[in-house]
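**Q** I'm passing along final.txt; it holds compact mmCIF, C-alpha atoms.
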```txt
# COMPACT_ATOMS: atom_id res chain seq x y z
CA MET A 56 3.88 9.04 -15.50
CA ALA A 57 2.15 11.60 -13.36
CA LYS A 58 4.25 12.93 -10.49
CA ILE A 59 1.62 13.50 -7.87
CA LEU A 60 2.78 11.45 -4.89
CA PRO A 61 6.38 11.12 -3.64
CA ALA A 62 8.33 8.22 -5.17
CA ARG A 63 8.91 6.52 -1.82
CA LEU A 64 5.18 5.73 -1.66
CA ARG A 65 5.07 3.81 -4.91
CA TYR A 66 5.98 0.31 -3.81
CA PRO A 67 4.19 0.43 -0.42
CA LEU A 68 0.96 1.50 -2.17
CA PHE A 69 1.43 -1.07 -4.95
CA PHE A 70 2.12 -3.83 -2.41
CA SER A 71 -0.73 -2.91 -0.05
CA GLY A 72 -3.26 -2.59 -2.87
CA LEU A 73 -2.52 -5.90 -4.55
CA LEU A 74 -2.18 -7.74 -1.23
CA MET A 75 -5.58 -6.45 -0.06
CA MET A 76 -7.21 -7.65 -3.29
CA GLU A 77 -5.59 -11.08 -3.17
CA ILE A 78 -6.00 -11.73 0.56
CA SER A 79 -9.67 -10.73 0.57
CA GLY A 80 -10.37 -13.38 -2.08
CA PHE A 81 -8.78 -16.10 0.01
CA LEU A 82 -10.44 -14.85 3.21
CA LEU A 83 -13.82 -14.90 1.43
CA LYS A 84 -13.34 -18.56 0.54
CA TYR A 85 -11.44 -20.00 3.49
CA ALA A 86 -12.23 -17.75 6.47
CA HIS A 87 -15.86 -17.04 5.51
CA LEU A 88 -15.35 -13.28 5.29
CA SER A 89 -18.68 -11.78 4.26
CA ALA A 90 -19.11 -10.85 0.60
CA GLY A 91 -19.80 -7.22 1.56
CA TYR A 92 -16.52 -6.83 3.47
CA SER A 93 -14.68 -8.63 0.70
CA GLU A 94 -16.07 -6.21 -1.91
CA ILE A 95 -15.03 -3.22 0.21
CA THR A 96 -11.46 -4.48 0.70
CA VAL A 97 -11.08 -5.37 -2.99
CA THR A 98 -12.31 -1.90 -3.98
CA LEU A 99 -9.95 -0.21 -1.51
CA GLY A 100 -7.08 -2.42 -2.68
CA PHE A 101 -7.74 -1.53 -6.31
CA LEU A 102 -7.79 2.19 -5.48
CA LEU A 103 -4.45 1.88 -3.64
CA PHE A 104 -3.02 0.00 -6.62
CA VAL A 105 -4.17 2.72 -9.02
CA ALA A 106 -2.77 5.40 -6.70
CA SER A 107 0.64 3.68 -6.82
CA VAL A 108 0.85 4.56 -10.52
CA LEU A 109 0.50 8.26 -9.77
CA VAL A 110 4.06 8.54 -8.46
CA PRO A 111 7.26 9.00 -10.52
CA MET B 60 28.09 -27.91 -3.52
CA GLY B 61 31.75 -27.04 -3.95
CA THR B 62 33.06 -23.60 -3.22
CA ASN B 63 33.78 -22.99 -6.89
CA THR B 64 30.27 -23.96 -7.95
CA LYS B 65 28.75 -21.78 -5.24
CA GLY B 66 31.01 -18.93 -6.24
CA TYR B 67 30.01 -19.35 -9.88
CA ILE B 68 26.29 -19.29 -9.04
CA THR B 69 26.53 -16.21 -6.85
CA ALA B 70 28.91 -14.38 -9.15
CA ARG B 71 27.52 -15.32 -12.56
CA LEU B 72 23.90 -16.39 -12.21
CA LEU B 73 22.46 -14.35 -9.35
CA PRO B 74 22.87 -10.61 -9.74
CA PRO B 75 23.64 -8.74 -6.49
CA GLU B 76 20.00 -7.56 -6.39
CA PHE B 77 18.92 -11.09 -5.38
CA LEU B 78 21.55 -11.43 -2.63
CA GLU B 79 20.88 -8.23 -0.74
CA ALA B 80 18.60 -7.96 2.27
CA ASN B 81 15.59 -6.39 0.61
CA TRP B 82 12.07 -6.89 1.94
CA ARG B 83 10.61 -5.42 -1.24
CA LEU B 84 11.90 -8.27 -3.43
CA TRP B 85 10.58 -11.04 -1.20
CA SER B 86 7.26 -9.30 -0.63
CA PHE B 87 6.89 -8.87 -4.40
CA LEU B 88 7.55 -12.59 -4.94
CA LEU B 89 4.89 -13.31 -2.29
CA LEU B 90 2.46 -11.05 -4.18
CA LEU B 91 3.26 -12.83 -7.42
CA LEU B 92 2.69 -16.29 -5.91
CA LEU B 93 -0.55 -15.19 -4.24
CA GLY B 94 -1.73 -13.65 -7.51
CA ILE B 95 -1.06 -16.85 -9.46
CA ALA B 96 -2.74 -18.91 -6.72
CA ALA B 97 -5.78 -16.59 -6.78
CA LEU B 98 -6.14 -16.84 -10.57
CA VAL B 99 -6.00 -20.64 -10.37
CA GLU B 100 -8.19 -20.88 -7.27
CA PHE B 101 -10.93 -18.52 -8.48
CA PRO B 102 -11.29 -19.18 -12.21
CA LEU B 103 -13.85 -17.13 -14.08
CA ALA B 104 -15.90 -18.92 -16.73
CA PRO B 105 -17.40 -16.85 -19.58
CA PHE B 106 -20.44 -15.00 -18.22
CA ASN B 107 -23.22 -13.43 -20.31
CA GLY B 108 -20.94 -13.40 -23.33
CA TYR B 109 -18.05 -11.80 -21.43
CA THR B 110 -14.65 -13.47 -21.21
CA ASP B 111 -12.18 -12.38 -18.58
CA PRO B 112 -8.95 -11.09 -20.22
CA PHE B 113 -6.90 -13.08 -17.70
CA TYR B 114 -8.47 -16.26 -19.07
CA SER B 115 -8.36 -15.35 -22.75
CA PRO B 116 -7.51 -17.51 -24.57
CA THR B 117 -6.37 -19.56 -21.58
CA VAL B 118 -4.84 -18.94 -18.17
CA ILE B 119 -1.99 -21.31 -19.09
CA ILE B 120 -0.30 -18.67 -21.26
CA LEU B 121 -0.22 -16.15 -18.42
CA PRO B 122 3.42 -16.99 -17.49
CA LEU B 123 4.45 -16.00 -21.03
CA ILE B 124 2.47 -12.78 -20.89
CA GLY B 125 3.95 -12.20 -17.43
CA ALA B 126 7.43 -12.72 -18.87
CA PHE B 127 6.63 -10.16 -21.59
CA ARG B 128 5.58 -7.61 -18.99
CA LEU B 129 8.45 -8.37 -16.58
CA SER B 130 11.02 -7.95 -19.35
CA CYS B 131 9.29 -4.80 -20.68
CA TYR B 132 11.44 -1.67 -20.53
CA ALA B 133 8.68 0.27 -18.76
CA PHE B 134 8.30 -2.28 -15.97
CA ARG B 135 12.06 -2.85 -15.80
CA LYS B 136 12.49 0.81 -14.97
CA ASP B 137 9.89 0.46 -12.24
CA TYR B 138 11.23 -2.62 -10.57
CA HIS B 139 14.81 -1.46 -10.69
CA ARG B 140 13.87 1.88 -9.15
CA HIS B 141 11.24 0.82 -6.66
CA LEU B 142 11.81 -2.88 -5.98
CA PHE B 143 15.60 -3.15 -6.03
CA ARG B 144 16.04 0.62 -5.56
CA HIS B 145 19.09 0.50 -7.75
CA PRO B 146 19.74 2.43 -9.92
CA GLU B 147 17.37 5.01 -8.48
CA ASN B 148 17.57 7.16 -11.59
CA CYS B 149 19.36 7.27 -14.92
CA ALA B 150 22.14 9.55 -13.71
CA LEU B 151 22.82 7.66 -10.49
CA ASP B 152 24.77 4.52 -11.28
CA GLU B 153 26.00 4.01 -7.72
CA ARG B 154 23.68 3.96 -4.76
CA GLY B 155 24.88 6.23 -2.00
CA ASP B 156 24.70 3.83 0.94
CA ALA B 157 27.13 1.59 2.85
CA LYS B 158 26.77 -1.19 0.25
CA SER B 159 27.32 1.11 -2.66
CA ARG B 160 27.93 -0.75 -5.89
CA ALA B 161 27.58 -0.10 -9.57
CA TYR B 162 24.42 -1.04 -11.50
CA SER B 163 24.84 -4.67 -12.53
CA GLY B 164 22.85 -4.28 -15.75
CA GLU B 165 21.72 -7.25 -17.83
CA THR B 166 23.95 -9.81 -16.13
CA GLY B 167 23.22 -13.19 -14.58
CA LEU B 168 19.49 -13.91 -14.41
CA PHE B 169 18.75 -10.45 -15.80
CA ARG B 170 20.00 -11.70 -19.17
CA ILE B 171 16.44 -13.02 -19.50
CA GLU B 172 15.41 -9.40 -20.03
CA ASN B 173 17.01 -9.67 -23.47
CA LEU B 174 14.33 -12.18 -24.48
CA HIS B 175 11.77 -9.35 -24.55
CA ARG B 176 12.24 -9.11 -28.32
CA TYR B 177 10.92 -12.70 -28.62
CA PHE B 178 8.18 -12.42 -26.00
CA VAL B 179 6.70 -9.58 -28.05
CA TYR B 180 5.70 -12.04 -30.79
CA LEU B 181 3.72 -14.05 -28.23
CA ALA B 182 2.04 -10.88 -27.02
CA ILE B 183 1.10 -9.95 -30.62
CA ALA B 184 -0.32 -13.44 -31.17
CA VAL B 185 -2.67 -13.06 -28.18
CA ILE B 186 -4.13 -9.67 -29.22
CA PRO B 187 -6.75 -11.04 -31.70
CA PHE B 188 -8.33 -13.08 -28.88
CA PHE B 189 -9.21 -9.88 -26.99
CA PHE B 190 -10.96 -8.41 -30.03
CA TYR B 191 -12.74 -11.71 -30.59
CA ASP B 192 -13.97 -11.54 -26.97
CA PHE B 193 -15.35 -8.06 -27.64
CA LEU B 194 -17.11 -9.33 -30.78
CA ALA B 195 -18.50 -12.30 -28.86
CA SER B 196 -19.83 -9.98 -26.14
CA VAL B 197 -21.75 -7.73 -28.57
CA THR B 198 -23.25 -10.64 -30.51
CA TYR B 199 -24.04 -12.77 -27.46
CA SER B 200 -27.79 -12.14 -27.57
CA GLY B 201 -28.08 -12.86 -31.29
CA PHE B 202 -28.47 -9.14 -32.01
CA PHE B 203 -25.90 -6.36 -31.84
CA THR B 204 -26.01 -5.33 -28.19
CA LEU B 205 -23.47 -2.89 -26.84
CA ARG B 206 -23.26 -3.12 -23.08
CA PHE B 207 -20.97 -1.26 -20.70
CA GLY B 208 -18.91 -4.42 -20.22
CA SER B 209 -18.40 -4.66 -23.98
CA VAL B 210 -17.10 -1.08 -24.02
CA LEU B 211 -14.66 -2.01 -21.26
CA LEU B 212 -13.52 -5.07 -23.24
CA LEU B 213 -12.99 -2.92 -26.35
CA LEU B 214 -11.09 -0.28 -24.38
CA ASP B 215 -8.98 -3.00 -22.80
CA SER B 216 -8.22 -4.55 -26.21
CA VAL B 217 -7.24 -1.18 -27.69
CA MET B 218 -5.01 -0.30 -24.74
CA ILE B 219 -3.26 -3.68 -24.85
CA THR B 220 -2.77 -3.32 -28.62
CA LEU B 221 -1.28 0.15 -28.19
CA TYR B 222 0.90 -1.10 -25.35
CA VAL B 223 2.26 -4.04 -27.35
CA PHE B 224 2.82 -2.08 -30.57
CA SER B 225 4.48 0.79 -28.72
CA CYS B 226 7.03 -1.71 -27.37
CA HIS B 227 10.71 -0.92 -27.84
CA SER B 228 11.17 -4.25 -29.62
CA VAL B 229 8.48 -3.32 -32.15
CA ARG B 230 10.25 0.03 -32.48
CA HIS B 231 13.26 -1.93 -33.65
CA LEU B 232 11.10 -3.88 -36.12
CA ALA B 233 9.26 -0.82 -37.45
CA GLY B 234 12.47 1.16 -37.86
CA GLY B 235 14.34 -1.72 -39.41
CA GLY B 236 17.02 -0.81 -41.89
CA LEU B 237 17.47 2.69 -40.53
CA LYS B 238 20.90 3.39 -39.12
CA CYS B 239 20.05 6.94 -38.23
CA TYR B 240 16.82 8.50 -37.03
CA GLY B 241 15.95 12.00 -38.13
CA CYS B 242 19.10 12.64 -40.12
CA ALA B 243 19.76 13.37 -43.78
CA PHE B 244 20.45 9.70 -44.49
CA ALA B 245 16.88 8.72 -43.61
CA PRO B 246 14.70 11.29 -45.40
CA LYS B 247 11.60 9.07 -45.27
CA GLN B 248 11.82 8.70 -41.50
CA GLY B 249 9.60 11.72 -40.92
CA ARG B 250 6.55 10.17 -42.58
CA SER B 251 7.18 6.49 -42.04
CA ILE B 252 5.38 3.97 -39.87
CA SER B 253 8.32 4.04 -37.51
CA SER B 254 7.70 7.69 -36.68
CA LEU B 255 4.09 6.83 -35.77
CA GLN B 256 5.37 3.97 -33.66
CA SER B 257 7.89 6.33 -32.07
CA TYR B 258 5.04 8.61 -31.04
CA PHE B 259 3.31 5.80 -29.16
CA ASN B 260 6.66 4.58 -27.85
CA MET B 261 7.07 7.90 -26.02
CA HIS B 262 3.95 6.97 -24.04
CA HIS B 263 4.91 3.32 -23.58
CA GLU B 264 5.15 3.52 -19.79
CA ALA B 265 1.72 5.14 -19.45
CA LEU B 266 0.23 2.55 -21.83
CA ALA B 267 1.90 -0.30 -19.92
CA TRP B 268 0.36 0.72 -16.61
CA SER B 269 -3.00 1.79 -18.04
CA SER B 270 -3.44 -1.53 -19.83
CA LEU B 271 -2.50 -3.48 -16.69
CA ILE B 272 -4.94 -1.45 -14.58
CA LEU B 273 -7.68 -1.99 -17.18
CA VAL B 274 -7.12 -5.77 -17.29
CA ILE B 275 -7.47 -5.94 -13.51
CA PHE B 276 -10.47 -3.60 -13.58
CA VAL B 277 -12.27 -5.70 -16.22
CA ASP B 278 -11.58 -8.82 -14.15
CA LEU B 279 -13.06 -7.17 -11.04
CA TYR B 280 -15.99 -5.79 -13.07
CA LEU B 281 -16.90 -9.27 -14.33
CA ARG B 282 -16.58 -10.71 -10.83
CA ALA B 283 -18.89 -7.94 -9.59
CA LEU B 284 -21.42 -8.84 -12.31
CA ILE B 285 -21.34 -12.48 -11.22
CA ALA B 286 -21.80 -11.36 -7.62
CA GLY B 287 -25.03 -9.67 -8.74
CA TRP B 288 -24.04 -6.00 -8.95
CA PRO B 289 -26.57 -4.28 -11.28
CA ILE B 290 -23.96 -2.24 -13.12
CA ASP B 291 -24.01 -3.60 -16.65
CA ALA B 292 -26.13 -1.08 -18.53
CA THR B 293 -27.18 -1.77 -22.11
CA LEU B 294 -26.10 1.19 -24.24
CA ILE B 295 -27.19 0.31 -27.80
CA THR B 296 -29.34 -2.50 -29.19
CA LEU B 297 -29.66 -2.97 -32.94
CA HIS B 298 -32.14 -5.61 -34.05
CA VAL B 299 -29.87 -6.92 -36.72
CA VAL B 300 -29.43 -10.66 -36.68
CA LEU B 301 -25.72 -11.46 -36.53
```
As structure tokens, how would this structure be written, given the file I've shared?

**A**
Amino acid sequence: MAKILPARLRYPLFFSGLLMMEISGFLLKYAHLSAGYSEITVTLGFLLFVASVLVP
Amino acid sequence: MGTNTKGYITARLLPPEFLEANWRLWSFLLLLLLGIAALVEFPLAPFNGYTDPFYSPTVIILPLIGAFRLSCYAFRKDYHRHLFRHPENCALDERGDAKSRAYSGETGLFRIENLHRYFVYLAIAVIPFFFYDFLASVTYSGFFTLRFGSVLLLLDSVMITLYVFSCHSVRHLAGGGLKCYGCAFAPKQGRSISSLQSYFNMHHEALAWSSLILVIFVDLYLRALIAGWPIDATLITLHVVL
């Protein structure tokens, strides 16, 4: 894989990205988070998840 | 539980990776449980001819597909390096910390990793459903209509196909009967199907991650469509009744 970011960032980015995507879904349903905020957090989470692949 | 039984479980069933204080392992299990809960809690019915790859053919088979991915050599490398942090690379069998120990390999629960060669058949069996979903999406209106979502579904299907057929277990199948690769005893190796498979196998890790990212992206794309995002452009319409 691409070696762009240092390896120590891989799991923290992977974890943060997926957690943001999952949590925002539950917050949307159970804590009445607005759809707009939910879409922003899911998008950010997905970008973090993709970035986690860019490390060795 | 007797001491012997407890000793047997810790020594033979649970590899040391599961007994060490490691926040990464438990946080990953939390992610996994949340992910499964989210897929069950927020199911996605077919929408405008699109079927979510997570729910194709059914969400019930996801544990088997998950087992295929978790036992995949590409993902194994990742979770041993970044989740268990041991071994941290191929040349470093012993971790250089206070709890230094040798790599435990495929022992205890990790023996399940050997079942990858059987999980691959399940993964192959699921592939036609993804292509069917693409076909259903382009014929949804009665005419041939290629929308951006259909292109994503096709790309997703192709990436998953390449990922599955570049698998190391398929490499064993495709190269069956060969005791030696690239030597004088296997003169047909250079132009055989196994050499083509070997080419894709070199990119197996990239294909594994790309296909996983695409599956998640298609899922989010379809959820965005349902939420009313006007992003699904029609690319080609052929007025041919299908």

**Q** Near chain B, meaning an atom within 8 Å, which residues of chain A appear when counting all atoms listed in the file? Write them as an MDAnalysis selection string.

**A** chainID A and resid 56 63 65:66 70 73:74 77 80:81 105 108

**Q** Keeping only C-alpha atoms, write those residues as an mmCIF file, in the coordinates of the input.

**A**
```cif
data_model
loop_
_atom_site.group_PDB
_atom_site.id
_atom_site.type_symbol
_atom_site.label_atom_id
_atom_site.label_comp_id
_atom_site.auth_asym_id
_atom_site.auth_seq_id
_atom_site.Cartn_x
_atom_site.Cartn_y
_atom_site.Cartn_z
ATOM 1 C CA MET A 56 3.880 9.040 -15.500
ATOM 2 C CA ARG A 63 8.910 6.520 -1.820
ATOM 3 C CA ARG A 65 5.070 3.810 -4.910
ATOM 4 C CA TYR A 66 5.980 0.310 -3.810
ATOM 5 C CA PHE A 70 2.120 -3.830 -2.410
ATOM 6 C CA LEU A 73 -2.520 -5.900 -4.550
ATOM 7 C CA LEU A 74 -2.180 -7.740 -1.230
ATOM 8 C CA GLU A 77 -5.590 -11.080 -3.170
ATOM 9 C CA GLY A 80 -10.370 -13.380 -2.080
ATOM 10 C CA PHE A 81 -8.780 -16.100 0.010
ATOM 11 C CA VAL A 105 -4.170 2.720 -9.020
ATOM 12 C CA VAL A 108 0.850 4.560 -10.520
#
```

**Q** Using only C-alpha atoms, which residues sit within 8 Å of range 185-191 of chain B once same-chain residues fewer than 2 positions away are excluded, as a tab-separated table (two decimals) with C-alpha atoms, in the frame of the given file?

**A**
```tsv
chain	number	residue	atom	x	y	z
B	112	PRO	CA	-8.95	-11.09	-20.22
B	115	SER	CA	-8.36	-15.35	-22.75
B	116	PRO	CA	-7.51	-17.51	-24.57
B	181	LEU	CA	3.72	-14.05	-28.23
B	182	ALA	CA	2.04	-10.88	-27.02
B	183	ILE	CA	1.10	-9.95	-30.62
B	193	PHE	CA	-15.35	-8.06	-27.64
B	194	LEU	CA	-17.11	-9.33	-30.78
B	195	ALA	CA	-18.50	-12.30	-28.86
B	212	LEU	CA	-13.52	-5.07	-23.24
B	213	LEU	CA	-12.99	-2.92	-26.35
B	216	SER	CA	-8.22	-4.55	-26.21
B	219	ILE	CA	-3.26	-3.68	-24.85
B	220	THR	CA	-2.77	-3.32	-28.62
```

**Q** If we count all atoms listed in the file and set the cut-off at 12 Å, which residues sit around Glu76 in chain B, ignoring sequence neighbours fewer than 2 positions away in its own chain? Please answer as a PyMOL selection string.

**A** chain B and resi 69-70+72-74+78-85+138-140+142-146+158-169

**Q** Please indicate the distance in Å from CA of Ser225 in chain B to CA of Ser251 in chain B, rounded to one decimal place.

**A**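 Computing the Euclidean distance for CA of Ser225 in chain B and CA of Ser251 in chain B yields 14.7 Å.
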
**Q** Considering all atoms listed in the file, state which residue in the set B:Arg282, B:Val299, B:Phe127, B:Thr293 is at the smallest distance from Leu174 in chain B.

**A**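 Closest residue, counting all atoms listed in the file: B:Phe127.
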
**Q** May I ask which of the residues B:Cys131, B:Asp278, B:Asn107, B:Tyr222 is the closest one to Met76 in chain A, counting all atoms listed in the file?

**A** B:Asp278

**Q** Please list as a PDB file with C-alpha atoms, in the coordinates of the input every residue within 12 Å of Ile252 in chain B, counting only C-alpha atoms and excluding residues in the same chain fewer than 6 positions away.

**A**
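Output (part.pdb):
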```
ATOM      1  CA  PHE B 224       2.820  -2.080 -30.570  1.00  0.00           C
ATOM      2  CA  SER B 225       4.480   0.790 -28.720  1.00  0.00           C
ATOM      3  CA  VAL B 229       8.480  -3.320 -32.150  1.00  0.00           C
ATOM      4  CA  ARG B 230      10.250   0.030 -32.480  1.00  0.00           C
ATOM      5  CA  HIS B 231      13.260  -1.930 -33.650  1.00  0.00           C
ATOM      6  CA  LEU B 232      11.100  -3.880 -36.120  1.00  0.00           C
ATOM      7  CA  ALA B 233       9.260  -0.820 -37.450  1.00  0.00           C
ATOM      8  CA  GLY B 234      12.470   1.160 -37.860  1.00  0.00           C
ATOM      9  CA  GLY B 235      14.340  -1.720 -39.410  1.00  0.00           C
ATOM     10  CA  TYR B 258       5.040   8.610 -31.040  1.00  0.00           C
ATOM     11  CA  PHE B 259       3.310   5.800 -29.160  1.00  0.00           C
TER      12      PHE B 259
END
```

**Q** Please identify all polymer residues lying at most 8 Å from the point (-2.8, 1.7, -5.7) (file coordinates), using all atoms listed in the file, and present the result as a ChimeraX atom specification.

**A** /A:68-69,71-73,100-108

**Q** Between A:Val110, A:Leu82, A:Ala90, A:Leu99, single out the one closest to Leu60 in chain A, counting all atoms listed in the file.

**A**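 When distances to Leu60 in chain A are compared using all atoms listed in the file, the smallest one comes from A:Val110.
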
**Q** Using the file's own x, y and z axes, so that the box edges lie along x, y and z, what centre and edge lengths in Å (one decimal) does a box around every listed atom of range 129-136 of chain B get when 3 Å is added on each side? Give it as AutoDock Vina command-line options.

**A**
```
--center_x 10.4 --center_y -3.8 --center_z -17.8 --size_x 10.2 --size_y 15.2 --size_z 11.7
```

**Q** Please indicate the distance in Å from CA of Leu83 in chain A to CA of Phe106 in chain B, rounded to one decimal place.

**A**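 If I compute the distance from CA of Leu83 in chain A to CA of Phe106 in chain B, I get 20.7 Å.
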
**Q** Neighbouring residues of Thr117 in chain B were defined as those with any atom within 12 Å, considering only C-alpha atoms; residues of the same chain fewer than 2 positions away were excluded. Please report them as a list in words.

**A** Leu98, Val99, Pro102, Leu103, Ala104, Pro105, Thr110, Asp111, Pro112, Phe113, Tyr114, Ser115, Ile119, Ile120, Leu121, Pro122, Leu123, Ile124, Val185, Phe188 and Phe189 of chain B

**Q** Would you mind reading off the distance between CA of Lys136 in chain B and CA of Leu211 in chain B, one decimal, in Å?

**A**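 Computed distance, CA of Lys136 in chain B to CA of Leu211 in chain B, equals 28.0 Å.
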
**Q** Just the residues within 12 Å of Val210 in chain B, please, counting only C-alpha atoms, with nothing from its chain fewer than 4 positions along; format it as an MDAnalysis selection string.

**A** chainID B and resid 109 190 192:194 196:197 204:206 214:217 273 277 280 291:295

**Q** In terms of the shortest atom-to-atom distance over only C-alpha atoms, which of B:Ala184, B:Cys226, B:Leu284, B:Leu271 is closest to Gln256 in chain B?

**A**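 Between B:Ala184, B:Cys226, B:Leu284, B:Leu271, the residue approaching Gln256 in chain B most closely is B:Cys226.
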
**Q** Taking the partial coordinates given, rebuild range 90-104 of chain A to contain N, CA, C and O atoms; return it as a PDB file, in the coordinates of the input.

**A**
```
ATOM      1  N   ALA A  90     -19.309 -11.374   1.956  1.00  0.00           N
ATOM      2  CA  ALA A  90     -19.110 -10.850   0.600  1.00  0.00           C
ATOM      3  C   ALA A  90     -19.027  -9.331   0.599  1.00  0.00           C
ATOM      4  O   ALA A  90     -18.247  -8.739  -0.142  1.00  0.00           O
ATOM      5  N   GLY A  91     -19.809  -8.684   1.482  1.00  0.00           N
ATOM      6  CA  GLY A  91     -19.800  -7.220   1.560  1.00  0.00           C
ATOM      7  C   GLY A  91     -18.434  -6.683   1.961  1.00  0.00           C
ATOM      8  O   GLY A  91     -17.901  -5.778   1.321  1.00  0.00           O
ATOM      9  N   TYR A  92     -17.848  -7.266   3.032  1.00  0.00           N
ATOM     10  CA  TYR A  92     -16.520  -6.830   3.470  1.00  0.00           C
ATOM     11  C   TYR A  92     -15.481  -7.100   2.391  1.00  0.00           C
ATOM     12  O   TYR A  92     -14.566  -6.309   2.154  1.00  0.00           O
ATOM     13  N   SER A  93     -15.629  -8.259   1.746  1.00  0.00           N
ATOM     14  CA  SER A  93     -14.680  -8.630   0.700  1.00  0.00           C
ATOM     15  C   SER A  93     -14.722  -7.608  -0.440  1.00  0.00           C
ATOM     16  O   SER A  93     -13.681  -7.197  -0.961  1.00  0.00           O
ATOM     17  N   GLU A  94     -15.941  -7.197  -0.819  1.00  0.00           N
ATOM     18  CA  GLU A  94     -16.070  -6.210  -1.910  1.00  0.00           C
ATOM     19  C   GLU A  94     -15.441  -4.876  -1.517  1.00  0.00           C
ATOM     20  O   GLU A  94     -14.802  -4.216  -2.337  1.00  0.00           O
ATOM     21  N   ILE A  95     -15.612  -4.495  -0.249  1.00  0.00           N
ATOM     22  CA  ILE A  95     -15.030  -3.220   0.210  1.00  0.00           C
ATOM     23  C   ILE A  95     -13.502  -3.290   0.166  1.00  0.00           C
ATOM     24  O   ILE A  95     -12.828  -2.373  -0.331  1.00  0.00           O
ATOM     25  N   THR A  96     -12.931  -4.390   0.673  1.00  0.00           N
ATOM     26  CA  THR A  96     -11.460  -4.480   0.700  1.00  0.00           C
ATOM     27  C   THR A  96     -10.878  -4.581  -0.707  1.00  0.00           C
ATOM     28  O   THR A  96      -9.816  -4.017  -0.981  1.00  0.00           O
ATOM     29  N   VAL A  97     -11.576  -5.281  -1.600  1.00  0.00           N
ATOM     30  CA  VAL A  97     -11.080  -5.370  -2.990  1.00  0.00           C
ATOM     31  C   VAL A  97     -11.116  -3.978  -3.639  1.00  0.00           C
ATOM     32  O   VAL A  97     -10.166  -3.570  -4.317  1.00  0.00           O
ATOM     33  N   THR A  98     -12.204  -3.248  -3.405  1.00  0.00           N
ATOM     34  CA  THR A  98     -12.310  -1.900  -3.980  1.00  0.00           C
ATOM     35  C   THR A  98     -11.214  -0.984  -3.443  1.00  0.00           C
ATOM     36  O   THR A  98     -10.557  -0.267  -4.198  1.00  0.00           O
ATOM     37  N   LEU A  99     -11.004  -1.030  -2.109  1.00  0.00           N
ATOM     38  CA  LEU A  99      -9.950  -0.210  -1.510  1.00  0.00           C
ATOM     39  C   LEU A  99      -8.576  -0.611  -2.053  1.00  0.00           C
ATOM     40  O   LEU A  99      -7.740   0.241  -2.365  1.00  0.00           O
ATOM     41  N   GLY A 100      -8.354  -1.924  -2.160  1.00  0.00           N
ATOM     42  CA  GLY A 100      -7.080  -2.420  -2.680  1.00  0.00           C
ATOM     43  C   GLY A 100      -6.840  -1.945  -4.098  1.00  0.00           C
ATOM     44  O   GLY A 100      -5.731  -1.522  -4.443  1.00  0.00           O
ATOM     45  N   PHE A 101      -7.887  -1.961  -4.919  1.00  0.00           N
ATOM     46  CA  PHE A 101      -7.740  -1.530  -6.310  1.00  0.00           C
ATOM     47  C   PHE A 101      -7.416  -0.035  -6.367  1.00  0.00           C
ATOM     48  O   PHE A 101      -6.568   0.396  -7.152  1.00  0.00           O
ATOM     49  N   LEU A 102      -8.067   0.750  -5.498  1.00  0.00           N
ATOM     50  CA  LEU A 102      -7.790   2.190  -5.480  1.00  0.00           C
ATOM     51  C   LEU A 102      -6.353   2.476  -5.047  1.00  0.00           C
ATOM     52  O   LEU A 102      -5.679   3.352  -5.596  1.00  0.00           O
ATOM     53  N   LEU A 103      -5.851   1.713  -4.067  1.00  0.00           N
ATOM     54  CA  LEU A 103      -4.450   1.880  -3.640  1.00  0.00           C
ATOM     55  C   LEU A 103      -3.507   1.516  -4.780  1.00  0.00           C
ATOM     56  O   LEU A 103      -2.506   2.194  -5.026  1.00  0.00           O
ATOM     57  N   PHE A 104      -3.843   0.438  -5.490  1.00  0.00           N
ATOM     58  CA  PHE A 104      -3.020   0.000  -6.620  1.00  0.00           C
ATOM     59  C   PHE A 104      -2.966   1.079  -7.702  1.00  0.00           C
ATOM     60  O   PHE A 104      -1.894   1.396  -8.232  1.00  0.00           O
TER      61      PHE A 104
END
```
